[in-house]
$ cat data35.cif   # mmCIF, C-alpha atoms and all ligand atoms
data_my_file
loop_
_atom_site.label_atom_id
_atom_site.label_comp_id
_atom_site.auth_asym_id
_atom_site.auth_seq_id
_atom_site.Cartn_x
_atom_site.Cartn_y
_atom_site.Cartn_z
CA MET A 250 3.02 2.89 -26.62
CA ILE A 251 2.24 -0.76 -27.00
CA THR A 252 4.29 -1.51 -23.95
CA ASN A 253 1.92 0.49 -21.84
CA LYS A 254 -1.06 -1.01 -23.54
CA ILE A 255 -0.03 -4.53 -22.79
CA ALA A 256 1.19 -3.86 -19.30
CA TRP A 257 -2.22 -4.83 -17.94
CA ARG A 258 -1.17 -8.43 -17.90
CA VAL A 259 -0.67 -9.79 -14.43
CA PRO A 260 2.23 -12.19 -13.92
CA LEU A 261 1.03 -15.65 -13.06
CA LEU A 262 1.75 -16.48 -9.47
CA LEU A 263 5.38 -15.53 -9.67
CA CYS A 264 5.72 -16.13 -5.98
CA LEU A 265 5.20 -19.83 -6.51
CA ILE A 266 8.43 -20.21 -8.39
CA THR A 267 10.85 -22.04 -6.20
CA LEU A 268 13.80 -19.72 -6.32
CA GLY A 269 15.89 -21.75 -3.92
CA GLY A 270 18.23 -23.99 -5.83
CA CYS A 271 17.19 -22.61 -9.18
CA ARG A 272 20.79 -22.47 -10.22
CA GLY A 273 22.39 -25.77 -10.81
CA ARG A 274 20.39 -28.42 -12.58
CA GLN A 275 19.64 -26.43 -15.75
CA LEU A 276 23.02 -24.69 -15.81
CA THR A 277 24.73 -27.72 -17.29
CA LYS A 278 22.09 -28.14 -20.00
CA PRO A 279 23.48 -26.95 -23.32
CA THR A 280 21.70 -24.06 -25.04
CA PRO A 281 20.00 -25.33 -28.20
CA GLN A 282 19.42 -23.35 -31.41
CA MET A 283 22.58 -21.23 -31.17
CA ASP A 284 22.87 -21.51 -34.97
CA ILE A 285 19.21 -20.80 -35.81
CA GLU A 286 18.14 -18.08 -38.29
CA PRO A 287 18.12 -14.48 -36.97
CA GLN A 288 14.31 -14.18 -37.07
CA PHE A 289 14.09 -16.85 -34.36
CA TRP A 290 16.31 -15.02 -31.90
CA VAL A 291 14.55 -13.01 -29.23
CA ARG A 292 16.11 -9.75 -28.02
CA VAL A 293 15.11 -9.27 -24.38
CA LEU A 294 15.77 -5.91 -22.73
CA LEU A 295 17.41 -6.84 -19.41
CA LEU A 296 18.72 -3.47 -18.18
CA LYS A 297 18.02 0.01 -19.51
CA ASP A 298 20.02 3.24 -19.18
CA ILE A 299 22.57 1.81 -16.77
CA THR A 300 26.09 3.06 -16.14
CA GLY A 301 27.50 -0.25 -14.97
CA CYS A 302 26.82 -3.93 -14.37
CA THR A 303 28.73 -7.06 -13.40
CA LEU A 304 29.30 -10.10 -15.55
CA LYS A 305 30.34 -13.47 -14.17
CA ILE A 306 31.18 -16.19 -16.59
CA VAL A 307 30.54 -19.90 -16.28
CA SER A 308 32.53 -20.57 -19.46
CA PRO A 309 35.11 -18.47 -21.32
CA VAL A 310 33.61 -15.55 -23.28
CA SER A 311 34.59 -13.52 -26.31
CA VAL A 312 33.70 -9.85 -26.68
CA ILE A 313 33.04 -8.91 -30.29
CA ASN A 314 32.18 -5.64 -32.02
CA GLY A 315 28.40 -5.66 -32.35
CA ASP A 316 27.89 -2.65 -34.61
CA PRO A 317 25.45 -3.71 -37.32
CA ASP A 318 27.51 -1.95 -40.00
CA ALA A 319 30.91 -2.99 -38.67
CA GLN A 320 33.19 -4.13 -41.49
CA THR A 321 34.54 -6.93 -39.38
CA GLN A 322 33.03 -8.39 -36.27
CA GLY A 323 36.34 -9.42 -34.86
CA THR A 324 37.07 -10.37 -31.28
CA GLU A 325 37.91 -7.33 -29.17
CA ALA A 326 38.65 -9.19 -25.95
CA ARG A 327 38.65 -12.69 -24.55
CA PHE A 328 38.10 -13.73 -20.93
CA GLU A 329 39.07 -17.23 -19.81
CA GLU A 330 39.07 -16.99 -16.03
CA LEU A 331 35.86 -18.48 -14.66
CA GLY A 332 34.03 -17.05 -11.66
CA ALA A 333 35.87 -13.73 -11.52
CA PRO A 334 33.53 -10.73 -11.88
CA ILE A 335 34.01 -8.58 -14.98
CA ASN A 336 32.86 -5.00 -14.57
CA ILE A 337 31.08 -3.38 -17.48
CA ARG A 338 30.77 0.41 -17.37
CA THR A 339 30.79 3.53 -19.45
CA ALA A 340 34.10 5.31 -20.00
CA ALA A 341 34.88 8.24 -22.29
CA GLY A 342 31.53 7.85 -24.05
CA ARG A 343 32.13 4.20 -24.79
CA ILE A 344 31.54 0.83 -23.16
CA ALA A 345 34.41 -0.72 -21.22
CA VAL A 346 34.28 -4.47 -20.61
CA GLY A 347 36.73 -5.54 -17.93
CA GLY A 348 38.91 -2.51 -18.74
CA HIS A 349 38.80 -3.05 -22.53
CA LEU A 350 37.26 -0.07 -24.31
CA ILE A 351 34.95 -1.29 -27.07
CA THR A 352 35.65 0.29 -30.46
CA GLY A 353 32.08 0.65 -31.65
CA GLU A 354 28.76 1.60 -30.13
CA GLN A 355 27.67 -1.97 -29.56
CA ALA A 356 29.42 -5.01 -28.17
CA ILE A 357 28.34 -8.63 -28.02
CA ILE A 358 29.42 -10.92 -25.20
CA LEU A 359 29.54 -14.41 -26.64
CA PRO A 360 29.97 -17.20 -24.07
CA ASP A 361 31.41 -20.55 -25.07
CA ASP A 362 29.37 -23.73 -24.61
CA PRO A 363 26.92 -24.09 -22.74
CA HIS A 364 26.41 -20.47 -23.84
CA ILE A 365 25.34 -19.12 -20.43
CA PHE A 366 26.42 -15.87 -18.78
CA ASN A 367 25.62 -14.35 -15.39
CA LEU A 368 24.59 -10.69 -15.32
CA ASN A 369 24.18 -9.00 -11.93
CA GLY A 370 23.64 -12.39 -10.32
CA ASP A 371 21.19 -13.92 -12.81
CA ASP A 372 22.01 -16.58 -15.40
CA TYR A 373 20.90 -16.18 -19.00
CA ARG A 374 21.38 -18.20 -22.17
CA GLY A 375 22.60 -17.00 -25.54
CA LYS A 376 24.51 -13.74 -25.92
CA LEU A 377 24.59 -10.38 -24.22
CA LYS A 378 24.46 -7.24 -26.34
CA LEU A 379 25.58 -3.91 -24.89
CA ILE A 380 24.38 -0.78 -26.67
CA ILE A 381 25.66 2.65 -25.69
CA ASN A 382 23.08 5.45 -25.65
CA PRO A 383 23.61 8.41 -28.01
CA ASP A 384 24.90 10.70 -25.23
CA GLY A 385 27.54 8.14 -24.27
CA SER A 386 26.73 8.27 -20.57
CA SER A 387 24.71 5.10 -20.19
CA PHE A 388 23.94 1.86 -21.99
CA ASP A 389 21.32 -0.88 -22.38
CA ALA A 390 21.91 -4.61 -21.85
CA VAL A 391 19.96 -6.89 -24.18
CA ASN A 392 19.90 -10.69 -24.02
CA LEU A 393 19.98 -12.31 -27.47
CA VAL A 394 18.44 -15.72 -26.87
CA PRO A 395 17.05 -18.32 -29.30
CA LEU A 396 13.24 -18.60 -29.17
CA GLU A 397 12.86 -22.03 -27.57
CA PRO A 398 15.29 -21.49 -24.64
CA TYR A 399 13.59 -18.11 -24.12
CA LEU A 400 10.25 -19.91 -23.85
CA ALA A 401 11.59 -22.51 -21.42
CA SER A 402 12.14 -19.62 -19.01
CA VAL A 403 8.92 -17.73 -19.76
CA VAL A 404 6.73 -20.80 -19.22
CA GLY A 405 8.32 -21.34 -15.80
CA ALA A 406 8.01 -17.67 -14.87
CA GLU A 407 4.40 -17.33 -15.94
CA MET A 408 3.01 -20.66 -14.70
CA PRO A 409 3.94 -22.95 -11.78
CA ASN A 410 5.87 -25.85 -13.26
CA TYR A 411 3.85 -28.45 -11.31
CA TRP A 412 0.72 -27.62 -13.33
CA GLU A 413 -0.66 -30.19 -15.77
CA PRO A 414 1.60 -30.85 -18.79
CA ALA A 415 -1.26 -29.80 -21.11
CA ALA A 416 -1.52 -26.42 -19.35
CA LEU A 417 2.23 -25.88 -19.65
CA ALA A 418 2.07 -26.83 -23.33
CA ALA A 419 -0.77 -24.34 -23.91
CA GLN A 420 1.27 -21.67 -22.12
CA ALA A 421 4.30 -22.44 -24.32
CA ILE A 422 2.29 -22.09 -27.54
CA THR A 423 0.65 -18.87 -26.34
CA ALA A 424 3.93 -17.33 -25.20
CA ARG A 425 5.62 -18.33 -28.49
CA THR A 426 2.84 -16.72 -30.52
CA TYR A 427 2.80 -13.55 -28.45
CA CYS A 428 6.57 -13.13 -28.59
CA LEU A 429 6.77 -13.63 -32.36
CA TYR A 430 3.93 -11.16 -32.91
CA ILE A 431 5.53 -8.46 -30.76
CA LYS A 432 8.93 -9.06 -32.38
CA LYS A 433 7.48 -8.85 -35.86
CA HIS A 434 5.39 -5.74 -35.28
CA PHE A 435 7.51 -3.69 -32.88
CA GLY A 436 11.03 -5.13 -32.88
CA SER A 437 12.12 -3.51 -36.13
CA LYS A 438 11.66 -0.05 -34.61
CA ARG A 439 13.95 -0.60 -31.63
CA THR A 440 17.06 -2.43 -30.48
CA TRP A 441 15.08 -5.06 -28.55
CA ASP A 442 11.90 -7.11 -29.00
CA VAL A 443 10.44 -7.64 -25.54
CA ARG A 444 10.94 -6.54 -21.96
CA LYS A 445 11.58 -9.19 -19.32
CA THR A 446 8.65 -8.08 -17.15
CA GLN A 447 4.87 -8.43 -17.23
CA ALA A 448 4.91 -5.42 -19.56
CA ASN A 449 5.42 -8.21 -22.10
CA GLN A 450 5.88 -11.62 -20.54
CA VAL A 451 8.01 -12.49 -17.54
CA TYR A 452 11.44 -13.93 -18.37
CA LEU A 453 13.87 -14.83 -15.60
CA GLY A 454 16.61 -16.59 -17.52
CA VAL A 455 17.88 -20.04 -16.54
CA CYS A 456 16.39 -19.67 -13.04
CA ALA A 457 12.82 -20.29 -14.20
CA GLU A 458 13.65 -23.30 -16.38
CA SER A 459 12.80 -26.82 -15.27
CA ALA A 460 12.48 -30.26 -16.83
CA GLN A 461 8.72 -29.63 -17.05
CA THR A 462 9.02 -26.30 -18.88
CA TRP A 463 11.61 -27.71 -21.29
CA SER A 464 9.28 -30.64 -21.94
CA ALA A 465 6.36 -28.27 -22.67
CA VAL A 466 8.53 -26.24 -25.06
CA ASN A 467 9.98 -29.27 -26.84
CA ARG A 468 6.61 -31.02 -27.20
CA THR A 469 5.13 -27.92 -28.87
CA TYR A 470 8.27 -27.04 -30.84
CA GLY A 471 7.47 -24.44 -33.51
CA GLN A 472 3.71 -24.42 -32.83
CA VAL A 473 1.92 -21.07 -32.90
CA LEU A 474 -1.66 -19.81 -32.88
CA VAL A 475 -3.00 -18.25 -36.06
CA CYS A 476 -6.25 -16.64 -37.10
CA LYS A 477 -7.77 -15.47 -40.37
CA HIS A 478 -7.02 -11.84 -41.11
CA PRO A 479 -8.99 -9.54 -43.42
CA GLY A 480 -8.35 -10.79 -46.94
CA GLY A 481 -8.42 -14.39 -45.79
CA THR A 482 -4.73 -14.87 -45.00
CA GLU A 483 -3.77 -16.71 -41.86
CA ASP A 484 -1.24 -15.17 -39.53
CA ILE A 485 -0.22 -15.02 -35.89
CA PHE A 486 -1.90 -12.51 -33.58
CA PRO A 487 -1.06 -10.97 -30.18
CA ALA A 488 -2.09 -13.88 -27.97
CA TYR A 489 -2.64 -11.85 -24.80
CA TYR A 490 -3.13 -13.77 -21.58
CA SER A 491 -3.50 -12.98 -17.91
CA SER A 492 -3.59 -14.88 -14.64
CA THR A 493 -7.07 -13.79 -13.60
CA CYS A 494 -9.87 -12.48 -15.80
CA GLY A 495 -12.35 -11.68 -13.04
CA GLY A 496 -15.07 -13.93 -14.42
CA HIS A 497 -15.20 -12.76 -18.05
CA THR A 498 -12.45 -11.92 -20.52
CA GLU A 499 -12.74 -8.75 -22.63
CA ASN A 500 -12.73 -8.02 -26.35
CA SER A 501 -9.22 -6.92 -27.26
CA GLU A 502 -10.48 -3.84 -29.07
CA HIS A 503 -11.95 -2.52 -25.82
CA VAL A 504 -8.58 -2.87 -24.11
CA PHE A 505 -6.01 -2.21 -26.82
CA GLY A 506 -8.03 -0.81 -29.69
CA ASP A 507 -7.01 -3.67 -31.98
CA SER A 508 -9.40 -6.39 -33.05
CA PHE A 509 -8.59 -10.03 -33.76
CA GLY A 510 -11.08 -12.83 -34.39
CA PRO A 511 -10.14 -15.05 -31.43
CA LEU A 512 -9.75 -12.17 -28.96
CA VAL A 513 -13.38 -11.76 -27.99
CA GLY A 514 -14.58 -11.83 -24.41
CA VAL A 515 -15.92 -15.13 -23.07
CA PRO A 516 -17.30 -16.13 -19.68
CA CYS A 517 -14.81 -17.87 -17.40
CA PRO A 518 -16.13 -20.06 -14.58
CA TYR A 519 -12.62 -20.98 -13.42
CA CYS A 520 -10.95 -17.88 -11.95
CA LYS A 521 -13.34 -17.45 -9.07
CA ASP A 522 -12.53 -20.87 -7.65
CA VAL A 523 -8.82 -21.10 -8.39
CA ALA A 524 -7.37 -17.57 -8.48
CA LYS A 525 -5.71 -16.16 -5.42
CA PRO A 526 -8.50 -14.37 -3.50
CA SER A 527 -6.47 -11.15 -3.42
CA PHE A 528 -6.34 -11.21 -7.22
CA PHE A 529 -10.06 -11.77 -7.62
CA PHE A 530 -11.37 -9.54 -4.79
CA TRP A 531 -8.89 -6.71 -4.46
CA PRO A 532 -9.40 -4.06 -1.77
CA ILE A 533 -10.52 -0.45 -2.28
CA VAL A 534 -7.60 1.65 -3.47
CA GLN A 535 -7.29 5.43 -3.41
CA PHE A 536 -5.03 7.77 -5.35
CA ASP A 537 -4.29 11.42 -4.72
CA LYS A 538 -6.02 13.56 -7.37
CA THR A 539 -2.99 15.77 -8.00
CA THR A 540 -0.81 12.72 -8.60
CA VAL A 541 -3.39 11.18 -10.93
CA GLY A 542 -3.66 14.45 -12.88
CA THR A 543 0.11 14.72 -13.24
CA LYS A 544 0.46 11.11 -14.39
CA LEU A 545 -2.31 11.45 -16.97
CA VAL A 546 -0.86 14.63 -18.48
CA GLN A 547 2.64 13.09 -18.55
CA LYS A 548 1.29 10.28 -20.68
CA TYR A 549 -1.40 12.12 -22.64
CA SER A 550 -0.38 15.74 -23.22
CA LYS A 551 -3.74 16.42 -24.91
CA LEU A 552 -5.31 16.25 -21.43
CA LYS A 553 -3.46 19.39 -20.33
CA ARG A 554 -6.25 21.55 -21.76
CA LEU A 555 -8.70 20.03 -19.27
CA GLY A 556 -7.00 21.75 -16.33
CA GLU A 557 -7.72 19.84 -13.15
CA ILE A 558 -9.78 16.71 -13.66
CA THR A 559 -13.00 17.30 -11.75
CA ASN A 560 -14.87 14.11 -12.59
CA ILE A 561 -14.37 10.69 -14.16
CA ILE A 562 -17.57 9.25 -15.60
CA PRO A 563 -18.12 5.78 -17.11
CA ALA A 564 -18.67 6.24 -20.85
CA ARG A 565 -18.82 2.58 -21.90
CA GLN A 566 -18.83 -0.69 -20.03
CA SER A 567 -19.22 -4.37 -20.74
CA ASN A 568 -22.03 -5.85 -18.66
CA TYR A 569 -21.78 -9.44 -17.52
CA GLY A 570 -24.83 -9.88 -15.33
CA LYS A 571 -23.57 -9.63 -11.78
CA PHE A 572 -20.69 -7.32 -12.64
CA SER A 573 -19.42 -5.02 -15.36
CA ARG A 574 -16.07 -3.83 -16.65
CA LEU A 575 -15.37 -0.18 -17.51
CA THR A 576 -13.90 0.10 -20.99
CA LEU A 577 -14.14 3.87 -21.66
CA VAL A 578 -14.27 6.85 -19.31
CA LYS A 579 -15.07 10.52 -19.84
CA LEU A 580 -12.81 12.99 -18.06
CA LEU A 581 -14.28 16.37 -17.13
CA GLY A 582 -11.89 19.26 -16.52
CA SER A 583 -11.90 22.51 -14.53
CA THR A 584 -11.60 24.47 -17.79
CA GLY A 585 -14.98 23.12 -18.87
CA LYS A 586 -13.38 20.88 -21.50
CA SER A 587 -13.68 17.10 -21.52
CA ASP A 588 -12.03 14.13 -23.18
CA SER A 589 -12.35 10.38 -23.18
CA LEU A 590 -9.83 7.65 -22.47
CA ARG A 591 -9.89 3.88 -22.62
CA ALA A 592 -10.42 2.69 -19.04
CA GLU A 593 -7.42 0.38 -19.32
CA ASP A 594 -5.23 3.34 -20.31
CA LEU A 595 -6.53 5.28 -17.30
CA ARG A 596 -5.73 2.34 -15.03
CA LEU A 597 -2.18 1.87 -16.29
CA SER A 598 -1.45 5.60 -16.27
CA ILE A 599 -2.31 5.65 -12.57
CA ASP A 600 -0.70 2.29 -11.70
CA PRO A 601 1.74 1.24 -14.46
CA THR A 602 2.45 -2.17 -12.93
CA GLY A 603 -1.26 -2.89 -12.55
CA THR A 604 -0.60 -4.62 -9.25
CA THR A 605 -2.59 -2.23 -7.04
CA LEU A 606 -5.40 -1.19 -9.33
CA ARG A 607 -5.93 -4.70 -10.60
CA SER A 608 -8.67 -4.22 -13.18
CA THR A 609 -11.37 -1.90 -14.45
CA ILE A 610 -14.09 -4.06 -12.89
CA CYS A 611 -14.69 -1.30 -10.37
CA LYS A 612 -16.55 1.89 -9.56
CA ILE A 613 -14.69 5.20 -9.55
CA VAL A 614 -15.73 7.46 -6.68
CA ASN A 615 -14.88 11.12 -6.17
CA MET A 616 -13.57 11.44 -2.59
CA GLY A 617 -12.61 15.12 -2.41
CA ASP A 618 -8.83 15.17 -2.86
CA LYS A 619 -8.70 11.49 -3.86
CA TRP A 620 -10.11 9.11 -6.44
CA ALA A 621 -11.28 5.84 -4.95
CA PHE A 622 -11.60 2.64 -6.96
CA LEU A 623 -14.09 0.23 -5.37
ZN ZN B 701 -10.76 -16.40 -15.85
#

$ encode --input "data35.cif" --output "structure tokens"
Amino acid sequence: MITNKIAWRVPLLLCLITLGGCRGRQLTKPTPQMDIEPQFWVRVLLLKDITGCTLKIVSPVSVINGDPDAQTQGTEARFEELGAPINIRTAAGRIAVGGHLITGEQAIILPDDPHIFNLNGDDYRGKLKLIINPDGSSFDAVNLVPLEPYLASVVGAEMPNYWEPAALAAQAITARTYCLYIKKHFGSKRTWDVRKTQANQVYLGVCAESAQTWSAVNRTYGQVLVCKHPGGTEDIFPAYYSSTCGGHTENSEHVFGDSFGPLVGVPCPYCKDVAKPSFFFWPIVQFDKTTVGTKLVQKYSKLKRLGEITNIIPARQSNYGKFSRLTLVKLLGSTGKSDSLRAEDLRLSIDPTGTTLRSTICKIVNMGDKWAFL
């Protein structure tokens, strides 16, 4: 659920990352923190429910049994030949790595120094964990990467690396805080901590690293944001961020339903002048009513009793002078029943990536067989 709630974040100017030549310079840099405590490893979901993928190695790798309750985590296979693709696929309900059937339900690919592997064409640091799904027909690929190398990639993926060093440092601290919060509060319930997309924060592996992002991460090593929680204790909080706030940020409780001291809306004079115009002034978008209805019921089964949604009415909004942001909507149904939904949940049900329907700073207009967002 939280994944959907936080998917509103817009990736920061991803297009500005210079992808050309991204392999090379950072590939020879050793991966630090390979011996750090488990709580400082980040588990990034790279691929979900796949039946196969290709591994290329830049250093020899060992394949070890990754079952948490395995008696021995011995080496199951060893690959020394560099550059040759190793196919990973499901076979007989198990995972086969380069033809070797893994004994358990999980396998860990452990590359030698500099601890980098290439999965489906992209380079990542740390280890690769393969987890077979219960039905044995597909598996997930999870990158186990120490926190600071993870951040060196996230900072470069979320912010252009030519920005001021202080901005990159602030981004590193924010991303570190956010990641640790999500890991702590949601990681224990699943086999991974964060996705590699804007559903959490964008992570592109070695490709997004640069000398500038490494500098930002190293200069802020271990620094996180904290706030006072009820009872007076200090702890980290979900340090949400976005590329464009539209002129005023929003209280977190209006967006996610959770409230944290620092996460209150403040005016922002910056976006309007520096954001990409298409991010700040996005065009009218329309969505077919039947599709919207189907998507809403898929996500919120309680809405089934409404029948067809006949009207969407603003129920609460934050007013900022020249503009306002919808935070709660009332849905009226053909059965005569109604229900309410956070506006952000409505938005991300309709457009899960949030890249078309960019915010809830809009008016919702009934256009016959379509809903228009102006
Ligand atoms: Zn702003």

$ closest_atom_pairs --input "data35.cif" --of "chain A" --to "ligand ZN 701 (chain B)" --cutoff "8 Å" --atoms "all atoms listed in the file" --output "CSV"
residue,atom,partner,partner_atom,distance
A:Ser492,CA,B:ZN701,ZN,7.4
A:Thr493,CA,B:ZN701,ZN,5.0
A:Cys494,CA,B:ZN701,ZN,4.0
A:Gly495,CA,B:ZN701,ZN,5.7
A:Gly496,CA,B:ZN701,ZN,5.2
A:His497,CA,B:ZN701,ZN,6.1
A:Thr498,CA,B:ZN701,ZN,6.7
A:Pro516,CA,B:ZN701,ZN,7.6
A:Cys517,CA,B:ZN701,ZN,4.6
A:Pro518,CA,B:ZN701,ZN,6.6
A:Tyr519,CA,B:ZN701,ZN,5.5
A:Cys520,CA,B:ZN701,ZN,4.2
A:Lys521,CA,B:ZN701,ZN,7.3

$ residues_around --input "data35.cif" --residues "Arg343 in chain A" --least-positions-apart "6" --cutoff "10 Å" --atoms "only C-alpha atoms" --output "number ranges by chain"
A: 350-355, 380-382, 384-388

$ closest_residue --input "data35.cif" --among "A:Asp372, A:Asp284, A:Glu407, A:Asp618" --to "Phe536 in chain A" --atoms "all atoms listed in the file"
A:Asp618

$ atom_distance --input "data35.cif" --atom1 "CA of Ile299 in chain A" --atom2 "CA of Val346 in chain A"
13.8 Å

$ closest_residue --input "data35.cif" --among "A:Lys297, A:Arg292, A:Lys551, A:Arg607" --to "Phe528 in chain A" --atoms "all atoms listed in the file"
A:Arg607

$ build_atoms --input "data35.cif" --residues "range 346-361 of chain A" --atoms "N, CA, C and O atoms" --output "mmCIF file, keeping the file's coordinate frame"
data_model
loop_
_atom_site.group_PDB
_atom_site.id
_atom_site.type_symbol
_atom_site.label_atom_id
_atom_site.label_comp_id
_atom_site.auth_asym_id
_atom_site.auth_seq_id
_atom_site.Cartn_x
_atom_site.Cartn_y
_atom_site.Cartn_z
ATOM 1 N N VAL A 346 34.551 -3.125 -21.140
ATOM 2 C CA VAL A 346 34.280 -4.470 -20.610
ATOM 3 C C VAL A 346 35.567 -4.971 -19.966
ATOM 4 O O VAL A 346 36.559 -5.222 -20.660
ATOM 5 N N GLY A 347 35.537 -5.071 -18.634
ATOM 6 C CA GLY A 347 36.730 -5.540 -17.930
ATOM 7 C C GLY A 347 37.966 -4.699 -18.263
ATOM 8 O O GLY A 347 39.064 -5.222 -18.394
ATOM 9 N N GLY A 348 37.777 -3.395 -18.451
ATOM 10 C CA GLY A 348 38.910 -2.510 -18.740
ATOM 11 C C GLY A 348 39.198 -2.344 -20.227
ATOM 12 O O GLY A 348 39.941 -1.457 -20.616
ATOM 13 N N HIS A 349 38.582 -3.187 -21.080
ATOM 14 C CA HIS A 349 38.800 -3.050 -22.530
ATOM 15 C C HIS A 349 37.759 -2.109 -23.118
ATOM 16 O O HIS A 349 36.561 -2.387 -23.054
ATOM 17 N N LEU A 350 38.202 -0.996 -23.681
ATOM 18 C CA LEU A 350 37.260 -0.070 -24.310
ATOM 19 C C LEU A 350 36.805 -0.645 -25.651
ATOM 20 O O LEU A 350 37.637 -0.998 -26.498
ATOM 21 N N ILE A 351 35.491 -0.735 -25.822
ATOM 22 C CA ILE A 351 34.950 -1.290 -27.070
ATOM 23 C C ILE A 351 35.051 -0.224 -28.171
ATOM 24 O O ILE A 351 34.762 0.947 -27.955
ATOM 25 N N THR A 352 35.449 -0.652 -29.356
ATOM 26 C CA THR A 352 35.650 0.290 -30.460
ATOM 27 C C THR A 352 34.352 0.937 -30.907
ATOM 28 O O THR A 352 34.278 2.144 -31.067
ATOM 29 N N GLY A 353 33.325 0.121 -31.086
ATOM 30 C CA GLY A 353 32.080 0.650 -31.650
ATOM 31 C C GLY A 353 31.066 1.011 -30.580
ATOM 32 O O GLY A 353 31.378 1.104 -29.398
ATOM 33 N N GLU A 354 29.833 1.220 -31.055
ATOM 34 C CA GLU A 354 28.760 1.600 -30.130
ATOM 35 C C GLU A 354 28.049 0.398 -29.522
ATOM 36 O O GLU A 354 27.263 0.529 -28.600
ATOM 37 N N GLN A 355 28.320 -0.759 -30.071
ATOM 38 C CA GLN A 355 27.670 -1.970 -29.560
ATOM 39 C C GLN A 355 28.715 -3.068 -29.401
ATOM 40 O O GLN A 355 29.649 -3.164 -30.190
ATOM 41 N N ALA A 356 28.529 -3.867 -28.377
ATOM 42 C CA ALA A 356 29.420 -5.010 -28.170
ATOM 43 C C ALA A 356 28.577 -6.238 -27.882
ATOM 44 O O ALA A 356 27.497 -6.140 -27.291
ATOM 45 N N ILE A 357 29.058 -7.385 -28.311
ATOM 46 C CA ILE A 357 28.340 -8.630 -28.020
ATOM 47 C C ILE A 357 29.247 -9.525 -27.188
ATOM 48 O O ILE A 357 30.406 -9.775 -27.560
ATOM 49 N N ILE A 358 28.717 -9.964 -26.043
ATOM 50 C CA ILE A 358 29.420 -10.920 -25.200
ATOM 51 C C ILE A 358 28.964 -12.299 -25.637
ATOM 52 O O ILE A 358 27.772 -12.621 -25.570
ATOM 53 N N LEU A 359 29.887 -13.091 -26.086
ATOM 54 C CA LEU A 359 29.540 -14.410 -26.640
ATOM 55 C C LEU A 359 30.184 -15.499 -25.790
ATOM 56 O O LEU A 359 31.385 -15.749 -25.888
ATOM 57 N N PRO A 360 29.387 -16.150 -24.911
ATOM 58 C CA PRO A 360 29.970 -17.200 -24.070
ATOM 59 C C PRO A 360 30.181 -18.500 -24.853
ATOM 60 O O PRO A 360 29.378 -18.823 -25.724
ATOM 61 N N ASP A 361 31.211 -19.220 -24.495
ATOM 62 C CA ASP A 361 31.410 -20.550 -25.070
ATOM 63 C C ASP A 361 30.329 -21.493 -24.540
ATOM 64 O O ASP A 361 29.564 -21.131 -23.643
#
